[in-house]
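Here's query20.cif, which has mmCIF, C-alpha atoms:
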data_data
loop_
_atom_site.label_atom_id
_atom_site.label_comp_id
_atom_site.auth_asym_id
_atom_site.auth_seq_id
_atom_site.Cartn_x
_atom_site.Cartn_y
_atom_site.Cartn_z
CA MET A 5 106.26 147.81 148.73
CA ALA A 6 108.70 150.54 149.67
CA PHE A 7 110.90 149.97 146.60
CA SER A 8 108.83 149.23 143.50
CA PHE A 9 110.32 148.54 140.07
CA ARG A 10 109.10 151.96 138.88
CA ASN A 11 110.84 153.76 141.73
CA ILE A 12 114.07 151.92 141.06
CA CYS A 13 113.96 152.94 137.37
CA ARG A 14 113.26 156.56 138.30
CA THR A 15 116.19 156.62 140.69
CA ALA A 16 118.50 155.13 138.05
CA TRP A 17 117.52 157.73 135.43
CA ARG A 18 117.92 160.60 137.91
CA THR A 19 121.41 159.38 138.77
CA TYR A 20 122.22 159.04 135.03
CA PHE A 21 121.21 162.62 134.19
CA ARG A 22 122.84 164.01 137.35
CA ASP A 23 126.15 162.47 136.28
CA ILE A 24 125.78 164.02 132.87
CA SER A 25 125.07 167.45 134.36
CA ASN A 26 128.00 167.25 136.76
CA LYS A 27 130.40 166.30 133.95
CA ASN A 28 128.92 168.89 131.56
CA ILE A 29 128.48 166.30 128.78
CA SER A 30 125.54 166.44 126.38
CA VAL A 31 123.21 163.45 126.16
CA LYS A 32 124.12 162.94 122.51
CA LYS A 33 127.86 162.90 123.21
CA TYR A 34 127.43 160.70 126.31
CA SER A 35 125.42 158.17 124.34
CA LYS A 36 127.95 158.10 121.54
CA ALA A 37 130.86 157.68 123.91
CA SER A 38 129.18 154.71 125.62
CA THR A 39 127.93 152.91 122.55
CA SER A 40 130.61 153.53 119.93
CA GLU A 41 131.73 149.92 119.93
CA SER A 42 133.31 150.20 116.50
CA THR A 43 136.25 152.17 117.90
CA LEU A 44 137.21 149.19 120.02
CA PHE A 45 137.89 146.70 117.23
CA ASP A 46 141.42 147.84 116.40
CA SER A 47 142.41 147.63 120.05
CA PHE A 48 141.08 144.09 120.38
CA TYR A 49 143.57 142.47 118.00
CA SER A 50 147.31 142.40 117.47
CA ASP A 51 149.01 143.79 114.36
CA ASP A 52 149.28 140.36 112.73
CA GLU A 53 145.64 139.56 113.48
CA ARG A 54 144.47 142.88 112.04
CA LYS A 55 146.58 142.26 108.96
CA ASN A 56 144.96 138.84 108.42
CA ILE A 57 141.43 140.17 108.92
CA LEU A 58 141.98 143.08 106.53
CA ASP A 59 143.58 140.78 103.95
CA CYS A 60 140.47 138.58 104.04
CA PHE A 61 138.01 141.46 103.81
CA ASN A 62 139.88 143.24 101.02
CA LYS A 63 140.29 140.15 98.81
CA ALA A 64 137.39 137.84 99.69
CA SER A 65 134.57 137.24 97.25
CA GLU A 66 130.94 137.09 98.26
CA ILE A 67 130.99 133.28 98.29
CA GLU A 68 134.10 133.22 100.50
CA LEU A 69 132.43 135.55 103.01
CA LEU A 70 129.32 133.40 102.96
CA ALA A 71 131.41 130.33 103.71
CA THR A 72 132.38 131.78 107.11
CA ARG A 73 128.74 131.18 108.20
CA HIS A 74 128.64 134.49 110.08
CA LEU A 75 127.06 136.68 107.37
CA ASN A 76 124.06 136.10 105.14
CA LYS A 77 123.91 136.92 101.45
CA ILE A 78 122.50 140.43 101.95
CA LYS A 79 125.28 141.40 104.36
CA THR A 80 128.07 139.91 102.25
CA SER A 81 126.73 141.87 99.27
CA SER A 82 126.79 145.00 101.43
CA VAL A 83 130.47 144.38 102.27
CA ILE A 84 131.39 143.93 98.60
CA SER A 85 129.42 147.03 97.54
CA HIS A 86 131.00 149.15 100.27
CA ARG A 87 134.47 147.97 99.27
CA GLU A 88 133.86 148.72 95.58
CA GLN A 89 132.48 152.17 96.37
CA PHE A 90 135.02 153.36 98.95
CA GLY A 91 138.05 151.17 98.24
CA ASN A 92 139.88 148.65 100.41
CA PHE A 93 139.56 148.70 104.18
CA SER A 94 142.59 150.04 106.06
CA THR A 95 141.29 149.57 109.62
CA LEU A 96 138.81 147.29 111.35
CA ASN A 97 136.82 150.37 112.35
CA GLN A 98 136.10 151.02 108.66
CA ILE A 99 134.64 147.55 108.32
CA SER A 100 132.29 148.27 111.21
CA LYS A 101 130.83 151.16 109.20
CA VAL A 102 129.43 148.82 106.55
CA PRO A 103 125.62 149.13 106.72
CA GLY A 104 123.80 146.22 108.29
CA LEU A 105 126.69 144.66 110.24
CA SER A 106 126.21 144.34 113.98
CA PHE A 107 128.94 144.47 116.62
CA LEU A 108 128.41 140.84 117.65
CA GLU A 109 128.49 139.54 114.06
CA LEU A 110 131.73 141.36 113.32
CA GLN A 111 133.33 140.16 116.54
CA LYS A 112 132.54 136.53 115.71
CA LEU A 113 133.74 136.98 112.13
CA PHE A 114 136.95 138.72 113.18
CA ASN A 115 137.68 135.96 115.67
CA THR A 116 137.32 133.41 112.86
CA LEU A 117 139.59 135.33 110.47
CA ARG A 118 142.22 136.51 112.94
CA SER A 119 144.42 133.45 112.31
CA LEU A 120 143.73 133.22 108.56
CA ASN A 121 144.89 135.08 105.51
CA HIS A 122 142.96 135.12 102.25
CA GLU A 123 144.64 132.00 100.89
CA LYS A 124 143.69 130.00 103.98
CA MET A 125 140.24 131.55 103.94
CA LYS A 126 139.61 129.93 100.55
CA GLU A 127 139.95 126.53 102.21
CA LEU A 128 136.80 127.28 104.22
CA VAL A 129 134.76 127.31 101.05
CA PRO A 130 133.31 123.86 100.23
CA ALA A 131 133.48 122.65 96.65
CA SER A 132 129.69 122.83 96.48
CA MET A 133 129.81 126.63 96.81
CA LEU A 134 132.71 127.19 94.42
CA SER A 135 131.19 124.93 91.74
CA PRO A 136 127.40 124.88 91.93
CA GLU A 137 127.14 122.08 89.38
CA VAL A 138 129.01 119.74 91.74
CA THR A 139 126.30 120.07 94.37
CA ARG A 140 123.68 118.67 92.03
CA SER A 141 125.02 115.16 92.35
CA GLN A 142 126.43 113.03 95.10
CA PRO A 143 128.99 111.59 94.83
CA ASN A 144 130.72 114.03 92.49
CA MET A 145 130.68 112.86 88.90
CA THR A 146 133.88 113.31 86.91
CA LYS A 147 133.85 114.35 83.27
CA GLN A 148 135.30 110.99 82.27
CA ILE A 149 132.34 109.17 83.80
CA SER A 150 129.75 111.60 82.40
CA ASP A 151 131.19 111.20 78.89
CA SER A 152 130.98 107.41 79.15
CA ILE A 153 127.31 107.27 80.18
CA THR A 154 124.99 105.87 77.50
CA SER A 155 121.84 105.46 79.59
CA LEU A 156 120.48 105.93 83.09
CA VAL A 157 117.64 104.60 85.19
CA ALA A 158 115.85 107.11 87.42
CA LEU A 159 114.38 105.58 90.57
CA ASP A 160 111.57 106.68 92.88
CA ILE A 161 111.50 104.58 96.04
CA GLN A 162 108.44 103.97 98.20
CA THR A 163 108.08 101.59 101.13
CA ASP A 164 106.06 99.13 99.04
CA ARG A 165 107.40 99.65 95.48
CA ILE A 166 110.10 101.09 93.27
CA THR A 167 109.15 103.12 90.21
CA TRP A 168 111.79 103.39 87.51
CA LEU A 169 112.31 105.02 84.12
CA LYS A 170 115.13 104.28 81.69
CA MET A 171 116.37 107.04 79.38
CA SER A 172 119.16 106.95 76.81
CA ARG A 173 121.74 109.67 76.27
CA ASN A 174 119.75 110.81 73.23
CA LEU A 175 116.84 111.51 75.62
CA ASP A 176 114.79 108.61 74.29
CA VAL A 177 112.58 107.11 76.99
CA VAL A 178 113.24 103.40 76.64
CA ASP A 179 110.78 102.06 79.22
CA TRP A 180 109.22 102.61 82.63
CA ASN A 181 107.52 100.41 85.17
CA GLN A 182 106.90 99.71 88.85
CA THR A 183 108.41 96.86 90.82
CA MET A 184 106.63 95.78 93.98
CA ILE A 185 108.65 95.21 97.17
CA PHE A 186 105.98 94.41 99.73
CA ASN A 187 102.23 94.00 99.52
CA LYS A 188 101.60 96.76 102.06
CA LEU A 189 103.06 100.17 102.88
CA TYR A 190 104.86 99.13 106.06
CA MET A 191 106.47 95.85 107.02
CA LYS A 192 108.04 95.01 110.35
CA TYR A 193 111.78 95.03 109.89
CA ASP A 194 113.26 91.67 109.00
CA VAL A 195 116.74 91.86 107.51
CA THR A 196 116.34 88.60 105.56
CA ALA A 197 112.99 89.61 104.08
CA TYR A 198 114.33 93.03 103.10
CA PHE A 199 117.37 91.51 101.45
CA GLU A 200 115.37 88.98 99.43
CA LYS A 201 112.75 91.50 98.29
CA ILE A 202 115.26 94.16 97.27
CA HIS A 203 117.42 91.57 95.55
CA ASN A 204 114.41 90.54 93.46
CA CYS A 205 113.70 94.19 92.63
CA ILE A 206 117.24 94.72 91.40
CA GLU A 207 116.96 91.64 89.22
CA ASN A 208 113.92 93.22 87.56
CA LEU A 209 115.58 96.60 86.98
CA PRO A 210 116.89 97.27 83.45
CA LYS A 211 120.63 97.48 82.90
CA ALA A 212 122.06 100.99 82.58
CA SER A 213 125.31 102.92 82.97
CA ILE A 214 124.15 104.56 86.20
CA TYR A 215 121.12 104.73 88.49
CA THR A 216 119.84 107.99 89.96
CA LEU A 217 117.85 108.93 93.08
CA GLU A 218 116.52 112.12 94.59
CA ASN A 219 118.33 113.03 97.79
CA LYS A 220 115.11 113.77 99.67
CA THR A 221 114.73 115.26 103.13
CA TYR A 222 111.88 113.76 105.13
CA ARG A 223 109.89 115.60 107.77
CA TYR A 224 108.39 114.18 110.93
CA PRO A 225 104.94 115.74 111.53
CA SER A 226 104.31 113.04 114.15
CA LEU A 227 106.05 110.02 115.65
CA ARG A 228 103.78 107.72 113.65
CA VAL A 229 105.75 108.62 110.53
CA VAL A 230 109.10 107.53 111.96
CA PRO A 231 108.72 103.77 111.22
CA PHE A 232 107.84 104.52 107.58
CA VAL A 233 110.84 106.83 107.15
CA VAL A 234 113.16 104.29 108.79
CA SER A 235 111.82 101.59 106.46
CA LEU A 236 112.29 103.88 103.46
CA ARG A 237 115.86 104.75 104.42
CA THR A 238 116.62 101.07 104.94
CA ILE A 239 115.39 100.23 101.46
CA GLU A 240 117.40 103.10 99.96
CA SER A 241 120.59 102.06 101.77
CA MET A 242 120.31 98.41 100.81
CA LEU A 243 119.44 99.30 97.21
CA VAL A 244 122.45 101.60 96.84
CA THR A 245 124.74 99.02 98.42
CA MET A 246 123.56 96.19 96.20
CA LEU A 247 123.71 98.27 93.01
CA ASN A 248 127.30 99.24 93.89
CA HIS A 249 128.36 95.64 94.44
CA ASN A 250 131.48 96.04 92.25
CA TYR A 251 132.75 99.15 94.03
CA ASN A 252 135.55 97.26 95.78
CA VAL A 253 136.86 96.13 92.40
CA ASP A 254 136.69 99.22 90.18
CA LYS A 255 136.05 101.99 92.78
CA THR A 256 133.30 103.33 90.53
CA HIS A 257 129.91 104.46 91.76
CA ARG A 258 126.82 103.33 89.88
CA VAL A 259 124.26 105.21 91.98
CA TYR A 260 124.13 109.02 92.06
CA THR A 261 121.72 111.36 93.82
CA ILE A 262 120.38 114.73 92.77
CA ARG A 263 118.87 117.35 95.05
CA PRO A 264 115.11 117.96 94.76
CA ASN A 265 115.73 121.73 94.74
CA ALA A 266 117.70 121.41 91.50
CA ILE A 267 114.70 119.73 89.83
CA ASN A 268 112.27 122.26 91.29
CA ARG A 269 114.29 125.21 89.98
CA LEU A 270 114.81 123.70 86.54
CA PHE A 271 111.11 123.08 85.94
CA ASN A 272 109.76 125.84 88.22
CA LEU A 273 107.82 123.39 90.40
CA SER A 274 108.31 125.01 93.79
CA ILE A 275 105.50 127.00 95.43
CA GLY A 276 105.97 128.11 99.01
CA GLY A 277 108.96 125.80 99.38
CA GLU A 278 106.93 122.72 98.41
CA ARG A 279 106.97 120.86 95.10
CA VAL A 280 103.81 120.79 93.03
CA SER A 281 102.86 118.15 90.49
CA GLY A 282 104.73 118.11 87.20
CA GLN A 283 102.21 116.05 85.25
CA HIS A 284 101.41 119.03 83.03
CA ILE A 285 105.05 118.92 81.85
CA PHE A 286 104.75 115.20 81.12
CA ARG A 287 101.55 115.72 79.13
CA ASP A 288 103.08 118.61 77.14
CA ILE A 289 106.07 116.42 76.24
CA ILE A 290 103.81 113.54 75.17
CA ASN A 291 101.63 115.83 73.07
CA HIS A 292 104.68 117.64 71.63
CA LYS A 293 103.25 121.00 72.74
CA ARG A 294 106.54 122.50 73.88
CA THR A 295 110.19 121.75 74.59
CA TYR A 296 111.39 122.13 78.16
CA CYS A 297 114.87 123.45 79.00
CA ASP A 298 116.05 123.00 75.39
CA LEU A 299 115.65 119.24 75.75
CA ASP A 300 113.97 117.29 72.98
CA VAL A 301 112.51 114.24 74.74
CA ASN A 302 111.18 111.28 72.76
CA ILE A 303 108.41 109.10 74.21
CA SER A 304 106.97 106.35 72.01
CA ARG A 305 103.24 105.99 71.43
CA PRO A 306 102.92 102.65 73.26
CA LEU A 307 104.53 104.15 76.35
CA SER A 308 102.22 107.17 76.16
CA ASP A 309 99.16 104.93 75.97
CA ARG A 310 100.39 102.92 78.94
CA PHE A 311 100.90 106.11 80.98
CA PHE A 312 97.25 107.10 80.66
CA GLN A 313 96.16 103.67 81.84
CA TYR A 314 97.78 104.24 85.25
CA ASP A 315 96.00 105.80 88.19
CA THR A 316 96.94 109.31 89.39
CA VAL A 317 99.48 108.11 91.96
CA GLN A 318 101.29 105.93 89.44
CA GLN A 319 101.31 108.76 86.90
CA GLU A 320 102.84 111.08 89.48
CA LYS A 321 105.63 108.60 90.25
CA ILE A 322 106.42 108.12 86.56
CA THR A 323 106.46 111.90 86.17
CA CYS A 324 108.92 112.25 89.06
CA CYS A 325 111.25 109.74 87.41
CA LEU A 326 111.06 111.54 84.06
CA LEU A 327 111.85 114.95 85.56
CA GLN A 328 114.66 113.42 87.60
CA ALA A 329 116.22 111.83 84.50
CA LEU A 330 115.92 115.04 82.47
CA SER A 331 117.43 117.11 85.28
CA PHE A 332 120.34 114.74 85.63
CA TYR A 333 121.10 114.87 81.91
CA LYS A 334 120.62 118.64 81.68
CA LEU A 335 122.52 119.72 84.79
CA ILE A 336 125.21 117.09 85.19
CA ILE A 337 125.84 114.78 82.23
CA LEU A 338 125.26 117.12 79.28
CA ASN A 339 125.75 120.23 81.45
CA LYS A 340 124.01 122.51 78.97
#

In C-alpha cells, write the structure found in this file.
Amino acid sequence: MAFSFRNICRTAWRTYFRDISNKNISVKKYSKASTSESTLFDSFYSDDERKNILDCFNKASEIELLATRHLNKIKTSSVISHREQFGNFSTLNQISKVPGLSFLELQKLFNTLRSLNHEKMKELVPASMLSPEVTRSQPNMTKQISDSITSLVALDIQTDRITWLKMSRNLDVVDWNQTMIFNKLYMKYDVTAYFEKIHNCIENLPKASIYTLENKTYRYPSLRVVPFVVSLRTIESMLVTMLNHNYNVDKTHRVYTIRPNAINRLFNLSIGGERVSGQHIFRDIINHKRTYCDLDVNISRPLSDRFFQYDTVQQEKITCCLLQALSFYKLIILNK
C-alpha cells in the first residue's frame, strides 16, 4: 500500500516537529502549553460557581467528599492533607494540583458542586455515612426501641428450614432449634403452600421483642441457582410481612436486618472477602476459654450437649444465629 500506517505516523511527527521549529518553541514548553488542562478550570465556571466549588472544597470533610461518588477514599484523603498543609484553596487551579486527581475526575466533581454550597453539599451525605452505627440495621432502630428490648430471636433462613436462636438482653442463650418448611431444598412456587408452611413456622417460633436477619447478598454463578434464590427471597419476604402483622396499628417494626460485613468485622471472620466458619468461637464460648468483644455469653449445659449432637451443617447454622445475635446486641442495642 502506498500509504501505510507507519508512513502516516512518520508524516505526522515530522509536521509536529517542523511546526515547533518554525515557531521556535521548545518541546518541553510546547507539551506543557498543550496539556496544562489545570489552567482552564477557572475559565470554565462563573464567579458564583467558582465560589460554590471553593466553599465545598475548603469546608468539606472526607466523608462529604466521598459522598459525591467522584473520588475514592485515597483521593479524598489527599485533598484533606493538601488543604491542611497548604491552607484553603483560593482558585480551582490550586485544587487541580492535588496529587492523584485527574482532569476528568475534577471536571465531573466541579460540575456536581457548581450549584451547591457546603451546607447543601451535606445533604448529599446519606445517614449511613454520617452515622456508621445506623447502617448496621435496617430499618433504623431508635434509642427508645433499643432500650425497650428484652430479648431477640436471630433467624437463619434456608429454602427448606429456618434455624433460630433466642437470646435475652443479659446475653443468656434461652434456646435454639430448627423449624422445617419443606421436605426438600426446592419446591415449585405455590402461594398457598408457602403461606401455610411459613405460617406454621411462625407459630413454632418463640416470642421475643424483635427478630433479626442477615441482609445477605446472593450471587448467581449459574442460572440453575436463580430458582433457589427466588424461593429464598420469597420465604424471607413472607416471613418479614407476617412477623410485622401489627405494623398498621402501632407503626413499629419487629424484624430488623444486620449486614454480614458488620458480623465479619466484629469477629474477624472474613478472608479474601468471604466468610469463614465461626464454630471455633462457639466452642470457645461453650468451654469458657475466652470472652469475645467484651461480651459474657451464657449457654447452659443442656444446650451445649444438644449442640454437639447436631451434624456439621446444623452446627454451622446455630453458630451463624449466635454470632448474629451477639453482633446485634453489641453494635446496635447495647452499642458498646

### Task
Identify all residues satisfying the PyMOL selection byres ((chain A and resi 75) around 12) in the given file; provide them as JSON, numbers by chain.
{"A": [66, 67, 68, 69, 70, 71, 72, 73, 74, 76, 77, 78, 79, 80, 81, 82, 83, 104, 105, 106, 108, 109, 110, 111, 112, 113, 114]}

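Considering all atoms listed in the file, the residue among A:Met145, A:Val229, A:Asp164, A:Leu247 positioned nearest to Glu207 in chain A is A:Leu247.
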
### Query
Contacts of Ile239 in chain A at 9 Å or less, counting all atoms listed in the file, minus same-chain residues fewer than 4 places along, as a list in words?
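So the residues in contact are Ile161, Gln162, Thr163, Tyr198, Phe199, Ile202, Val234, Ser235, Leu243 and Val244 of chain A.
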
### Task
Given the file shown, enumerate the residues that the PyMOL selection byres ((chain A and resi 278) around 12) captures and present them as a ChimeraX atom specification.
/A:221,264-265,267-269,272-277,279-281

### Task
Determine the residue membership of the PyMOL selection byres ((chain A and resi 327) around 12) for the file above and supply it as a PyMOL selection string.
chain A and resi 157-160+168-171+175+177+216-218+262+264+266-273+281-286+289+296-297+299+301+320-326+328-335

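Shortest atom-to-atom contact with Ile336 in chain A among A:Lys188, A:Lys255, A:Lys101, A:Lys147: A:Lys147, counting all atoms listed in the file.
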
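Around Tyr222 in chain A, within 10 Å and counting only C-alpha atoms, the residues found are Val229, Val230, Val233 and Arg237 of chain A, once anything fewer than 5 positions away on its own chain is removed.
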
### Task
Give me, please, the distance in Å between CA of Phe311 in chain A and CA of Ser150 in chain A, quoted to one decimal.
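Atom-to-atom, CA of Phe311 in chain A and CA of Ser150 in chain A are spaced 29.4 Å apart.
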
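The space between CA of Pro210 in chain A and CA of Asp179 in chain A spans 8.8 Å.
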
### Message
As an exercise, work out the distance from CA of Asp176 in chain A to CA of Ile290 in chain A in Å and give it to one decimal place.
### Response
12.1 Å

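With all atoms listed in the file as the atoms that count, the minimum distance from Gln142 in chain A to the choices A:Lys124, A:Gln313, A:Arg263, A:Phe48 is reached by A:Arg263.
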
### Query
Which residue, A:Ile337, A:Leu44, A:Val129, A:Met246, has the smallest gap to Ser100 in chain A when you use only C-alpha atoms?
A:Leu44

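Between Leu156 in chain A and the residues A:Asn115, A:Val259, A:Phe107, A:Val102, the shortest atom-to-atom distance, using only C-alpha atoms, involves A:Val259.
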
### Query
Which residues come within 9 Å of Leu307 in chain A, counting all atoms listed in the file, excluding same-chain residues fewer than 2 positions away, as a list in words?
Val177, Val178, Asp179, Trp180, Ile303, Ser304, Arg305, Asp309, Arg310, Phe311 and Phe312 of chain A

### Contacts of range 96-98 of chain A within 8 Å, all atoms listed in the file, excl. fewer than 3 positions in-chain, as a PyMOL selection string
chain A and resi 42-46+54+57-58+93+101-102

Put those residues in a file: C-alpha atoms, as a PDB file, in the coordinates of the input.
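Result written to part-v9.pdb:
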ATOM      1  CA  SER A  42     133.310 150.200 116.500  1.00  0.00           C
ATOM      2  CA  THR A  43     136.250 152.170 117.900  1.00  0.00           C
ATOM      3  CA  LEU A  44     137.210 149.190 120.020  1.00  0.00           C
ATOM      4  CA  PHE A  45     137.890 146.700 117.230  1.00  0.00           C
ATOM      5  CA  ASP A  46     141.420 147.840 116.400  1.00  0.00           C
ATOM      6  CA  ARG A  54     144.470 142.880 112.040  1.00  0.00           C
ATOM      7  CA  ILE A  57     141.430 140.170 108.920  1.00  0.00           C
ATOM      8  CA  LEU A  58     141.980 143.080 106.530  1.00  0.00           C
ATOM      9  CA  PHE A  93     139.560 148.700 104.180  1.00  0.00           C
ATOM     10  CA  LYS A 101     130.830 151.160 109.200  1.00  0.00           C
ATOM     11  CA  VAL A 102     129.430 148.820 106.550  1.00  0.00           C
TER      12      VAL A 102
END

### Task
Return the single residue from A:Asn144, A:Val195, A:Ala64, A:Cys205 that is closest to Glu127 in chain A, with distances computed using all atoms listed in the file.
A:Ala64
